[in-house]
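Source file target-v4.json; content: JSON, C-alpha atoms.
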```
[["chain", "number", "residue", "atom", "x", "y", "z"],
["A", 1, "MET", "CA", -54.83, -312.12, 45.78],
["A", 2, "ASP", "CA", -56.51, -315.33, 44.72],
["A", 3, "PRO", "CA", -54.65, -317.41, 42.08],
["A", 4, "GLU", "CA", -57.37, -317.02, 39.43],
["A", 5, "SER", "CA", -57.40, -313.21, 39.66],
["A", 6, "ARG", "CA", -53.59, -313.15, 39.66],
["A", 7, "ALA", "CA", -53.47, -315.34, 36.52],
["A", 8, "LYS", "CA", -56.02, -313.17, 34.69],
["A", 9, "ALA", "CA", -54.16, -309.97, 35.60],
["A", 10, "GLU", "CA", -50.80, -311.41, 34.55],
["A", 11, "ALA", "CA", -52.35, -312.59, 31.25],
["A", 12, "HIS", "CA", -53.20, -308.92, 30.58],
["A", 13, "GLY", "CA", -49.65, -307.77, 31.26],
["A", 14, "TYR", "CA", -49.88, -306.85, 34.96],
["A", 15, "SER", "CA", -47.09, -308.24, 37.11],
["A", 16, "TYR", "CA", -47.59, -308.88, 40.79],
["A", 17, "ALA", "CA", -45.21, -309.38, 43.66],
["A", 18, "SER", "CA", -44.65, -312.81, 45.11],
["A", 19, "GLU", "CA", -46.90, -313.88, 47.96],
["A", 20, "GLU", "CA", -43.85, -313.57, 50.23],
["A", 21, "ASN", "CA", -43.30, -309.91, 49.26],
["A", 22, "ILE", "CA", -47.00, -309.14, 49.65],
["A", 23, "ALA", "CA", -47.02, -310.76, 53.10],
["A", 24, "ALA", "CA", -43.97, -308.66, 54.03],
["A", 25, "GLY", "CA", -45.86, -305.59, 52.78],
["A", 26, "TYR", "CA", -48.80, -306.37, 55.04],
["A", 27, "ASP", "CA", -46.41, -306.82, 57.96],
["A", 28, "LEU", "CA", -44.90, -303.40, 57.17],
["A", 29, "ALA", "CA", -48.41, -301.91, 56.87],
["A", 30, "GLY", "CA", -49.27, -303.22, 60.32],
["A", 31, "ARG", "CA", -46.16, -301.59, 61.82],
["A", 32, "VAL", "CA", -47.00, -298.31, 60.05],
["A", 33, "CYS", "CA", -50.54, -298.40, 61.50],
["A", 34, "ARG", "CA", -49.26, -299.12, 65.00],
["A", 35, "GLU", "CA", -46.88, -296.15, 64.84],
["A", 36, "LEU", "CA", -49.60, -293.82, 63.55],
["A", 37, "HIS", "CA", -51.92, -295.04, 66.34],
["A", 38, "ARG", "CA", -49.17, -294.26, 68.87],
["A", 39, "ALA", "CA", -49.14, -290.70, 67.48],
["A", 40, "GLY", "CA", -52.92, -290.45, 67.92],
["A", 41, "LEU", "CA", -54.02, -290.87, 64.30],
["A", 42, "PRO", "CA", -56.70, -293.37, 63.30],
["A", 43, "ALA", "CA", -55.11, -295.75, 60.78],
["A", 44, "ASN", "CA", -56.22, -298.94, 59.07],
["A", 45, "VAL", "CA", -54.78, -301.29, 56.49],
["A", 46, "GLU", "CA", -56.93, -300.98, 53.39],
["A", 47, "ARG", "CA", -58.32, -304.26, 52.09],
["A", 48, "PRO", "CA", -59.71, -304.73, 48.58],
["A", 49, "GLY", "CA", -63.41, -303.88, 48.44],
["A", 50, "ALA", "CA", -63.48, -302.30, 51.91],
["A", 51, "ARG", "CA", -65.10, -298.91, 52.43],
["A", 52, "SER", "CA", -62.69, -296.03, 53.13],
["A", 53, "GLU", "CA", -62.88, -294.70, 56.68],
["A", 54, "PRO", "CA", -61.78, -291.26, 57.90],
["A", 55, "GLY", "CA", -58.16, -291.18, 59.00],
["A", 56, "VAL", "CA", -55.10, -292.83, 57.54],
["A", 57, "CYS", "CA", -55.49, -295.56, 54.90],
["A", 58, "VAL", "CA", -52.47, -297.81, 54.48],
["A", 59, "GLU", "CA", -52.42, -299.77, 51.21],
["A", 60, "VAL", "CA", -49.92, -302.50, 50.29],
["A", 61, "ASP", "CA", -48.41, -302.11, 46.82],
["A", 62, "SER", "CA", -48.74, -305.52, 45.19],
["A", 63, "GLN", "CA", -47.42, -304.85, 41.70],
["A", 64, "GLY", "CA", -44.62, -303.13, 39.88],
["A", 65, "GLU", "CA", -41.13, -302.10, 40.83],
["A", 66, "TYR", "CA", -41.97, -301.05, 44.39],
["A", 67, "ALA", "CA", -44.16, -304.02, 45.32],
["A", 68, "GLY", "CA", -44.10, -304.76, 49.03],
["A", 69, "GLY", "CA", -43.98, -301.13, 50.11],
["A", 70, "VAL", "CA", -47.04, -299.26, 51.31],
["A", 71, "TYR", "CA", -48.94, -296.15, 50.30],
["A", 72, "VAL", "CA", -50.12, -294.05, 53.22],
["A", 73, "ARG", "CA", -52.92, -291.59, 52.50],
["A", 74, "TRP", "CA", -55.13, -289.30, 54.50],
["A", 75, "SER", "CA", -58.79, -290.08, 54.05],
["A", 76, "ALA", "CA", -61.35, -287.37, 54.72],
["A", 77, "PRO", "CA", -64.42, -288.70, 52.87],
["A", 78, "GLU", "CA", -66.80, -285.97, 54.00],
["A", 79, "LEU", "CA", -64.43, -283.17, 53.02],
["A", 80, "GLY", "CA", -63.50, -284.88, 49.72],
["A", 81, "GLU", "CA", -67.12, -285.46, 48.75],
["A", 82, "ALA", "CA", -67.98, -281.83, 49.50],
["A", 83, "GLY", "CA", -65.08, -280.75, 47.28],
["A", 84, "MET", "CA", -66.12, -283.02, 44.41],
["A", 85, "ARG", "CA", -69.73, -281.85, 44.69],
["A", 86, "ALA", "CA", -68.61, -278.21, 44.55],
["A", 87, "VAL", "CA", -66.45, -278.85, 41.47],
["A", 88, "ALA", "CA", -69.33, -280.66, 39.72],
["A", 89, "GLU", "CA", -71.92, -278.03, 40.60],
["A", 90, "GLN", "CA", -69.75, -275.01, 39.86],
["A", 91, "GLN", "CA", -67.89, -276.58, 36.90],
["A", 92, "ASP", "CA", -64.77, -275.05, 38.44],
["A", 93, "ARG", "CA", -61.70, -277.07, 39.43],
["A", 94, "ALA", "CA", -60.65, -274.19, 41.67],
["A", 95, "ALA", "CA", -63.78, -274.39, 43.84],
["A", 96, "PRO", "CA", -62.84, -273.34, 47.39],
["A", 97, "GLU", "CA", -64.15, -276.60, 48.87],
["A", 98, "TRP", "CA", -61.95, -278.68, 46.53],
["A", 99, "LYS", "CA", -58.97, -276.46, 47.21],
["A", 100, "ARG", "CA", -59.49, -276.86, 50.96],
["A", 101, "TYR", "CA", -59.60, -280.64, 50.63],
["A", 102, "GLY", "CA", -56.34, -280.65, 48.63],
["A", 103, "GLU", "CA", -54.62, -278.42, 51.17],
["A", 104, "VAL", "CA", -55.70, -280.66, 54.07],
["A", 105, "VAL", "CA", -54.37, -283.73, 52.23],
["A", 106, "LEU", "CA", -50.98, -282.06, 51.68],
["A", 107, "LEU", "CA", -50.76, -280.90, 55.30],
["A", 108, "MET", "CA", -51.51, -284.42, 56.50],
["A", 109, "GLN", "CA", -48.96, -285.88, 54.05],
["A", 110, "THR", "CA", -46.26, -283.73, 55.65],
["A", 111, "ALA", "CA", -47.36, -284.73, 59.15],
["A", 112, "MET", "CA", -47.51, -288.46, 58.34],
["A", 113, "ILE", "CA", -44.06, -288.39, 56.72],
["A", 114, "GLY", "CA", -42.60, -286.63, 59.75],
["A", 115, "ILE", "CA", -44.20, -289.03, 62.23],
["A", 116, "LEU", "CA", -43.07, -292.10, 60.31],
["A", 117, "ARG", "CA", -39.51, -290.83, 59.78],
["A", 118, "LEU", "CA", -39.21, -290.14, 63.51],
["A", 119, "ALA", "CA", -40.19, -293.77, 64.10],
["A", 120, "GLY", "CA", -37.41, -295.03, 61.79],
["A", 121, "PHE", "CA", -39.33, -295.68, 58.58],
["A", 122, "SER", "CA", -37.89, -294.93, 55.15],
["A", 123, "VAL", "CA", -40.65, -292.76, 53.67],
["A", 124, "VAL", "CA", -40.96, -290.28, 50.79],
["A", 125, "ARG", "CA", -43.68, -288.24, 49.16],
["A", 126, "ALA", "CA", -45.39, -290.82, 46.94],
["A", 127, "GLU", "CA", -45.34, -288.58, 43.88],
["A", 128, "GLU", "CA", -41.54, -289.08, 43.83],
["A", 129, "ILE", "CA", -42.15, -292.69, 42.69],
["A", 130, "ASP", "CA", -45.69, -292.49, 41.27],
["A", 131, "ASP", "CA", -46.81, -289.20, 39.74],
["A", 132, "VAL", "CA", -50.51, -289.99, 40.23],
["A", 133, "ALA", "CA", -50.15, -290.54, 43.99],
["A", 134, "GLU", "CA", -50.00, -286.86, 44.92],
["A", 135, "GLY", "CA", -50.71, -286.34, 48.60],
["A", 136, "ASP", "CA", -49.77, -289.88, 49.63],
["A", 137, "ALA", "CA", -46.63, -290.99, 51.41],
["A", 138, "TYR", "CA", -44.74, -294.11, 50.37],
["A", 139, "VAL", "CA", -43.02, -296.28, 52.97],
["A", 140, "HIS", "CA", -40.22, -298.46, 51.62],
["A", 141, "ALA", "CA", -39.10, -300.04, 54.87],
["A", 142, "ASP", "CA", -38.28, -299.48, 58.51],
["A", 143, "THR", "CA", -35.21, -300.37, 60.54],
["A", 144, "ARG", "CA", -36.54, -303.93, 61.04],
["A", 145, "SER", "CA", -37.39, -304.54, 57.37],
["A", 146, "THR", "CA", -35.34, -306.27, 54.76],
["A", 147, "LEU", "CA", -37.38, -304.87, 51.81]]
```

Output the file's structure in the form of structure tokens.
Amino acid sequence: MDPESRAKAEAHGYSYASEENIAAGYDLAGRVCRELHRAGLPANVERPGARSEPGVCVEVDSQGEYAGGVYVRWSAPELGEAGMRAVAEQQDRAAPEWKRYGEVVLLMQTAMIGILRLAGFSVVRAEEIDDVAEGDAYVHADTRSTL
């Protein structure tokens, strides 16, 4: 994060991790991506302003209590957009297309957690630490980390 943006955010009450912790988070994110690639899943570290690609998005947490860890989420843009369109058109949150998308996300969450735990990462369902991150996984560290 550039110093000007960091200063503005902190002036509005947002606290960010040190550059050292953020760098460690990006190192952890890279190891997470490599392990997911080894398991055959497309995975990329998400960068601010970048377009979401299908597969696994790995995002470094740069603020708050858990700064330096990473969120791992399944990205299925085509399926998600179809679900949102169905909800909007049918005015029904239980639209089958939306429900299908949610079920796929939860299935992939379970798979990603299992794959990463087998590789030695400390990982939990993200909603255990952030109630709005349903469907994500949260990686605290791996056996080589000091986070």

Task: Nearest residue to Gln109 in chain A from the set A:Ala95, A:Val124, A:Ala88, A:Ala137 (distances using all atoms listed in the file) - done: A:Ala137

Open item on the list: Give me, as number ranges by chain, all polymer residues having an atom no more than 10 Å from Asn44 in chain A, counting only C-alpha atoms and skipping those fewer than 6 positions away in the same chain.
Closed with: A: 29-30, 32-34, 36-37, 52-59, 72

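Taking CA of Leu106 in chain A as the reference point, CA of Asn21 in chain A is found at 29.0 Å.
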
Task: Residue nearest Gly83 in chain A among A:Gly40, A:Gly49, A:Pro96, A:Gly114 (counting all atoms listed in the file) - done: A:Pro96

Task: Separation of CA of Val45 in chain A from CA of Tyr71 in chain A in Å - done: 9.9 Å

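Distances here use only C-alpha atoms; by that measure, the residue among A:Asp27, A:Glu134, A:Glu128, A:Asp92 closest to Met108 in chain A is A:Glu134.
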
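Taking CA of Ala82 in chain A and CA of Asp136 in chain A as endpoints, the distance between them is 19.9 Å.
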